[in-house]
Every structure is written in C-alpha cells, then in structure tokens.
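Q: Pasting a structure below so you can have a look.
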2 protein chains.
Amino acid sequence: MSLDVTFVIFGATGNLARTKLLPSLARAVIHSGVTNHAVIGVGTTVRSEAEFTQIIRASLDDTDIEADCTERFLGGTIAYHAVGGDGSFTALGDLVRSIESGAGLSGNRVLYLAVPPSHLDATVAGIDGSGLDESSGWTRLVVEKPFGVDLASAMRSNRLIHRVFSEDDVYRIDHYLGKETVRNLLVFRFANALFEHMWNRSQIDSVEITVAEMTGAQGRAAYYDESGAVRDMVQNHLTQLLTLIAMEPPVAMTADAIRSEKVKVLQAARAIGHTDVVVGRYGSGTIDGRACDAYLDEPGVSDDSTTPTFVAIRMFIDNWRWQGVPFYLRTGKMMSAHTTHIIIRYARPPVCLVHEPDECPGHQNILTLRLQPDERFELLIDVKEPGDTLATRRIPLSVRYDDILAEAPDAYQTLLTDVITGDQTLFVRSDEVEASWQLYEPILDRDDLETYAPGTDGPDSARGLISTYPMAWTPLSGPIDGSTR
Amino acid sequence: MSLDVTFVIFGATGNLARTKLLPSLARAVIHSGVTNHAVIGVGTTVRSEAEFTQIIRASLDDTDIEADCTERFLGGTIAYHAVGGDGSFTALGDLVRSIESGAGLSGNRVLYLAVPPSHLDATVAGIDGSGLDESSGWTRLVVEKPFGVDLASAMRSNRLIHRVFSEDDVYRIDHYLGKETVRNLLVFRFANALFEHMWNRSQIDSVEITVAEMTGAQGRAAYYDESGAVRDMVQNHLTQLLTLIAMEPPVAMTADAIRSEKVKVLQAARAIGHTDVVVGRYGSGTIDGRACDAYLDEPGVSDDSTTPTFVAIRMFIDNWRWQGVPFYLRTGKMMSAHTTHIIIRYARPPVCLVHEPDECPGHQNILTLRLQPDERFELLIDVKEPGDTLATRRIPLSVRYDDILAEAPDAYQTLLTDVITGDQTLFVRSDEVEASWQLYEPILDRDDLETYAPGTDGPDSARGLISTYPMAWTPLSGPIDGSTR
C-alpha cells in the first residue's frame, strides 16, 4: 500500500494533542504504511514551525516511542498556521495546497478537530469555503468527544458538518471505542455461540454496567462543572458499552452494519423515567486515607452548580431480545474503587433441585466482563460442597486478558489507524450521537442531587433502583462473588 | 441420632477389604454417628477373631486414620466366621444373632459382599434361609461391582437377590459414583441454569467421555483377561458418567427419581452398531521411556484371548434432548496420558461474523469437565487478537476444583455412609444395571481387535468413528485447546 496523508490538526498545541494525539499519530503513521506525510498544526496562538516541531518532539519524548520512529515522523513536512483573523481559514487552505504540491502529497487529508465542543461549530464554519475540504484525494473530518452538550447542539453541529462533509467522511471519536477490551466485546459476543445463544430476555435477568473512578474533579473541575457524569461518561462511554452489549448481530462486521444495530438499541430504549435515575455529588471526607474536599469546594466549580458527579440509571430496551430486562448503568467519581465492569446475571434455575428454596434466588450464574483495572472474564458457577451434602459453593471460572492486551496498540493509535485506512466502525455516526442525546435529554439537568461520602459506592438511594432481590448493585470493591449491596 | 449397626463382610480378608473397605468403613462408622457396632468377617479360610482383629488393625495402620479412630472402631464387637461347609451360613446367622443379643445391637445389618462376581450367586443363595436377612432392624445388602458379566448373569443375580431382598435394600456399589467429582456432575448440571439451558441437541454438537490409563494389566492380568475394557470400564464407570451427563432433571434429588432418569437414558440409547465400535489391544513397545510387553504376553493372559484393552464407541440417545448428538466413549490401558474427562462441544456460531468462513468450523466453545488427574472446569472461549484485526485467540476460562476436593471424604467412605443412613442415590438399581448390560451386550465379545502401540491414543481406526470435521477425539496429552487428532 502506498499512501500519503496530510494531517491538519486544529488545537494542535493543546493538552489533548500533546499528551495523547501526537504520540499516537506518530505511531499510527509509522505502523500503517504511510509513505509520505505532512503535519500542519493549527491554533489560535501564533507559533513558528520550529516551535511546533519542538512541541511534537517534546510530546513524543515523553513516551516510549523509539527514537527512530520520532525521526521518521518528524521527517515529514511540519508546518504551523494560526487562525482567528479574517481570511485565516482561506490562508490555511492555501498553505495546505501549497505544502501538498511542494511535498508531492496527493491530497488525502485528515482534518482533526482537537478543540473543545464550544469551538466545534466555528471551526467547521471556517473550514466551509476554505477549500480544505476539496482536493484530488479524500478528506476526512475527525471530531473529538464530547459531540455536543445536548440534543439541540449535537443536531446543530451535525447539520453544519453535513453542509461540508458527507457522513462517510466524518469520524466522531470516543477513545473508549478504540480500547482493545471494548472492541473485544464485539468479538466475544459473535465468536462465542455458547454465550450469544443465551444473550436474551429468556436467559438473562439483568445487566449492570459500571464505570467507577476513585478520583474527583481535581485539576479540571472548571471543565467538569460544565459537563458532569451524564455528559462526561453516560452519554458516550457507558452508552457505547450498552449498545455493544445489547445490539443484534450485524449483517456483517462492517462499519455501517454495526452502527445501524447500535442505533437500533438506542431507538428501542424506553424513555428514562424520573424515578429511574439517582444523581449525586460527593461531599467532603476521606478516600484512601487522605482528606478530600467536597465537589462544591473544588476550585472552578460554581456556587450554584447542579452538576452530578454520580449517576445511576435503570433502563429498559423494549425490543424482542431485551423486553423486561433491566439495564443498570452507574458511574461516579470518588467511589470506593476504580473499576469498569459489565455484569450479566443469568436466569436462576427454574426449579431448586440442589439449593434450598430460600437460598435458590441468590444462585444465578454471573458473567463478569471486567475492563478495568485488570481485564478479565469471569463466570461464577456453583459446584458441590465436599462431603455428605448437596450444598453448593460458588467458584469463578476466570481468565485474565491482560497478558494478551500488553501486545495491543493504544486506543488513539487504533482509531487514527482506522481514520487513515478509512474504517468507520469504531466511530460514532450522526444518528447514533443524536439518539444518545435524545435518550438522556430528560436527565441532563436534574437538580435533586444527593450528597454521598467519598470512598463509598454512591448515594444510598441508588440502591432503591434495584429493588428485586437478588438483583442489586455489585459492590465496587472486593471480588465479584454474587453478593450484592 | 442413635444408631447401631452389625456389619457382616463377605470376603473380609481379601485385597479389596484390606486396602479399601475396612479403612473407609472405620471412617464411616466413626463419622456418621454410629453408637454401637459389630464387624463380623466372613471368608472361606479359617481364622481366629484375634487374627481378623489384626488384619483390621494392619489395614487401618496403612492409612492416615487417627489412632483414636482405629481404637474406637476396634472397640466394637469383632468376630470372624468361616463359610464353605454344610450349614455354615445357618451357623453364621446364629452367630450374628447371638452377637447382636450379647452386645445390645438392635439388628440393623449391612451384609457387604466383597466377593468376585463368580461367588455372588452362591453367597446370596447361602444368605437365603440363613436368617441373616431377618431381624428386628433393617438389613441392607451391598454388592461390589462388577455386577454380572453380561445381561443374562446380571438378570440371574437380580432374580436371586430379589428372592431374599427388596430392591430398596440392595446397594450395588460402583465406587466411581462415590467420587466427589462424579457427584458434582449432578450439582453442576442442576445448580447452573446457564449450562443446563444449553444442555441439548440445539446447542451441543457432541459429547466425549474418555477414561484413559497409562498402566497396563500388569499384576492383575488374570482377572482383567476375564473382563476387558467393556466389562471393566464401559459398562459401569463410563456408563455412570454418560447417564449423569445425559439424564433429564429428576423430579427431586431423591435416589429413585435420579435413578429413574438414568435408566431412561439407557433405554433411549440407540442399539450400538458394528461400525460404531473400535476395539483394540496394546502391543509391545515403550511407555514413559520404559519397555513394556504386549498384552498377550502378560502373565495370566490366555493365548487365545480376545479381551480388549481399548474400546471406542459412538453412541446416540434417541430422545428429544439428544437426538442426533453423538456421544463418543473411549477407554483404554497403556494410553499416552492418565486422564478422565468429559468434553462438551457446543454448536458453532450460525454465521461467521468474526472468523473467516473456512476457519469458522473449528471455533466452537468447548466445556471440559476434567476428573483426573486434576479436577478442573474449563470453558474455551474466543477473544480478540490484539491489534488492528478481528481475528480471535482461544483462551480457557478455568478453575481448579482440587483445593476444594482436598476436604472431601473418599469414595468408599461416602458410599458406606450412604448405606448406613439408607441413601440409595449413588447405587445402581437393578433395572439400571440390566439396561446397561443390554446396551453393551452386542459388543461384549468382539474379536476384531486392532493392535495399538503403548503410549498412543489407541488404534488408528478409532479416529474413523468421528468423521465430521471439526469433531474428533481430543488428544489425550497436552492442553484441551480445541485441537483434535
């Protein structure tokens, strides 16, 4: 494959670009067989080409990228262009064309918008008419998450983008989808007939998706206060996990076939009722032995903030596969553990042959797909307690996936490679992002926040979402052994 | 529970009694709350009570039984009686009654027949009319396996036994059924709805049951030459595993409910055809680095022996659950590994979304229930190969059961405790043993033996039993990773 690409990075000197994007881009460029490339940084600050080169070098030096790889990446054409004034986007278009012509690049362009949501529309408007979207090669637009802050803003941004780009050229990034463990969900589901045959309302009692962090909003509270748990986590990350878990088998493993099935999950989701949600905000206290401020006292948080740092949601997917099966979504900051897991609780035995009838409800098989902190599959089964008894003992069938993952590329490198090769599978389609915002629209601005102590599993009333024994939230800390809290 | 028991052991000084029965009986008596007991040894050799006491003591000293336990066991009434002459059984009946009366025993009797099959009928005939079966307590008859040598002999023995005993009082021992891992099959199946829901012809492609030994017939070839692989292993052990795996859920976990379901499996088994069986006999060669004789050259084997040391069988259970699912049974001596395992191969994905179509057939989930040499559950699943690919890697979800089993009583102790407490669950019912002999009757005396080399997986033509890719025998040595041989 002979492939040359011009990368135009908006927000090229920002934090995201320095810490994540530039190193992953270097890896993706070197390992995906790109034979010639240019990197044109774009920002509102004026910088020289040498300064931008130095930023890239510093960014790469902070990683374990081989020196050889750094030099090959910097061996492409490097340029920088400041935007802001009148005509600055047109001038950028001219610069890009001139670089491509001078460097023998055929005009394949990646326009990477590493800018805050508030700058998205202006940047797209700037691109419109700049000629950046017109070349003899392909042009692909990459947009960082979050895409919009609510349904209206997402729809407005999509309309703006579609004036300039075909949806086939738009790559909405949610780096979660580039993670090997998340991509593995697709493989796990459709490579293992044993589980896929059981993946439905007849066999599954409930599904729990938890993304818990032990950190608070420290250091980025000003940003966080604008978003909160629903916008920052649920609308994108948790929803991606939800749709991958709940989707029907796609017609093929193609981007549009997969994304169409994901959209259908969101379209079939029942409107989330008021009592299906618990929102919370951490108070002051201690976590891991250290004292910590309440969220409201973090620098950057407004005094009248109603931003949730915790949310728990009970959801139903009203389709043939899932009708009646509760999906419990939960995410929070300052929790008792750092963990991301998906827990499938299977139907209990229809008859209590082995267990005593009053013990029977607790004895369901549980499949845990743990994504963080360690990657593992775990299936809880009951075996016989030794001795003259038919009593049972729960043991986990398990396997760690970490060793395999050590070989995996990082999420950004995966996604950037997909952009370069034109694979949209792991990017969020316009209808998908809108369906997601539509689903969560009613719970975006709740002000009935319940305060919870740092280092706990969240507000007490979250427990109330799951009232049917033995279904309850899995304790965040400790082994997943079927016990509930 | 206040319980006293009189144990009358026929064959009390034989090898089985010394090495297995007496130590396990001591443990069972001490640990099941028996408050008073007598042990009356019966044999064809004349021995004194002191000699028999010494035999018991030596037998117990060879084990790790606590000294205290030995003394408590020997603290019961110990006696010995030789049979053979006219009236010797009547005299035994008198002796038992006199001991019971003198020792304040209430007449609960276990008559344990630790005698070869050829002595079974004569011993039962001796009991008939001796008064041994008549007391103010209960009388239970324990019969060692093998029960009969073919259908006719089993039916004859059953008829004889039923002239004296009700079937409710007959305990046909197959010590395999007392093993914790075998008992666990019942619990595993009916405590884990996840697997039980998939336990049928829609979801399972094939079932393999293998009991392989690395040893030959050395030291007991004269006995073995009378039985062979079908009589020694298939008719009892493998059939027990087969019926526990294939049975319907019983109405309750009671002896008769479970045994009725096991009989139904045998009744539904399709007659085994000539081409469904491969029999073999090991030749000379080397195993584990040491030279070994051919079976025909073992001392005690007759020159015109047609006794198989290996048998492989393809079987079908023609009921609603299993129609069309092949059950592959295999057992042999001098094999490449010492292993007992049950392998469930699940249906493959109906559509090859993840795998390439030509790879797809090999990608079925496989559940391994391994009973020996280590006890473990293992479920093979496919996960994603890391990197820019949807290719898969097979990894095992697994758990070792050994640590739990360390706490388990030995099989004989389990079974003897059940005899004392009157639980027939783990004993073979008369209709079950007859149904089993009936099933294997057509393959008992095959003379088309194929010679195989020691240390291999058996005759080449055993492979021919499984002709449908990717189903094939699991290699005996090496991990069970889905590869076949």
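Convention: chains lettered A, B, ... in structure tokens order; per-chain residue numbering from 1; ligands numbered from 1 as shown.
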Select all residues from chain A having any atom no more than 8 Å from an atom of chain B (counting only C-alpha atoms, ignoring ligands), output as a ChimeraX atom specification.

A: /A:180,183-184,187-188,190-194,198,203,252-253,346-350,352-355,363-365,377-379,381-388,390,392,395-399,404-405,407-409,414

Q: Applying 7 Å and only C-alpha atoms, which residues near region 85-92 of chain A remain after dropping the ones on its own chain fewer than 6 positions away? List them as a PyMOL selection string.

A: chain A and resi 126-127+130

Q: For the atom pair CA of Pro299 (chain B) and CA of Arg281 (chain B), what is the interatomic distance in Å to one decimal place?

A: 15.2 Å

Q: Find the residues around region 167-170 of chain B up to 12 Å (only C-alpha atoms counted), leave out those fewer than 2 positions away in its own chain, and share them as an MDAnalysis selection string.

A: chainID B and resid 108:113 124 133 138:144 157:165 172:173 255:256 418:432

Q: What's around Tyr452 (chain A) at 8 Å? Count only C-alpha atoms, leave out sequence neighbours fewer than 6 positions away in its own chain, and write the answer as an MDAnalysis selection string.

A: chainID A and resid 280:283 458:460

Q: From the DSSP assignment of the backbone, select every residue of region 104-221 of chain B that is strand (DSSP E), and format the answer as number ranges by chain.

A: B: 109-113, 139-143, 170-172, 204-212

Q: Just the residues within 9 Å of His37 (chain B), please, counting only C-alpha atoms, with nothing from its chain fewer than 2 positions along; format it as a PyMOL selection string.

A: chain B and resi 3-7+29+34-35+39+73+75-78+100+103+105

Q: Could you find all residues in region 263-409 of chain B that DSSP calls alpha helix (DSSP H) from the backbone, and write them as a PDB file with C-alpha atoms, in the first residue's frame?

A:
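Saved as result-v1.pdb:
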ATOM      1  CA  VAL B 263     -32.352 -45.699  33.333  1.00  0.00           C
ATOM      2  CA  LYS B 264     -34.318 -43.669  30.784  1.00  0.00           C
ATOM      3  CA  VAL B 265     -31.070 -42.558  29.151  1.00  0.00           C
ATOM      4  CA  LEU B 266     -30.036 -46.172  28.650  1.00  0.00           C
ATOM      5  CA  GLN B 267     -33.490 -47.099  27.432  1.00  0.00           C
ATOM      6  CA  ALA B 268     -33.337 -44.306  24.865  1.00  0.00           C
ATOM      7  CA  ASP B 402      -8.677 -29.757  43.624  1.00  0.00           C
ATOM      8  CA  ASP B 403      -8.333 -27.489  46.618  1.00  0.00           C
ATOM      9  CA  ILE B 404     -11.975 -27.953  47.452  1.00  0.00           C
ATOM     10  CA  LEU B 405     -11.730 -31.685  46.918  1.00  0.00           C
TER      11      LEU B 405
END

Q: Looking at only C-alpha atoms, which of A:Thr239, A:Ser2, A:Thr53, A:Thr19 is the one that sits closest to Asn36 (chain A)?

A: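 Nearest to Asn36 (chain A): A:Ser2.
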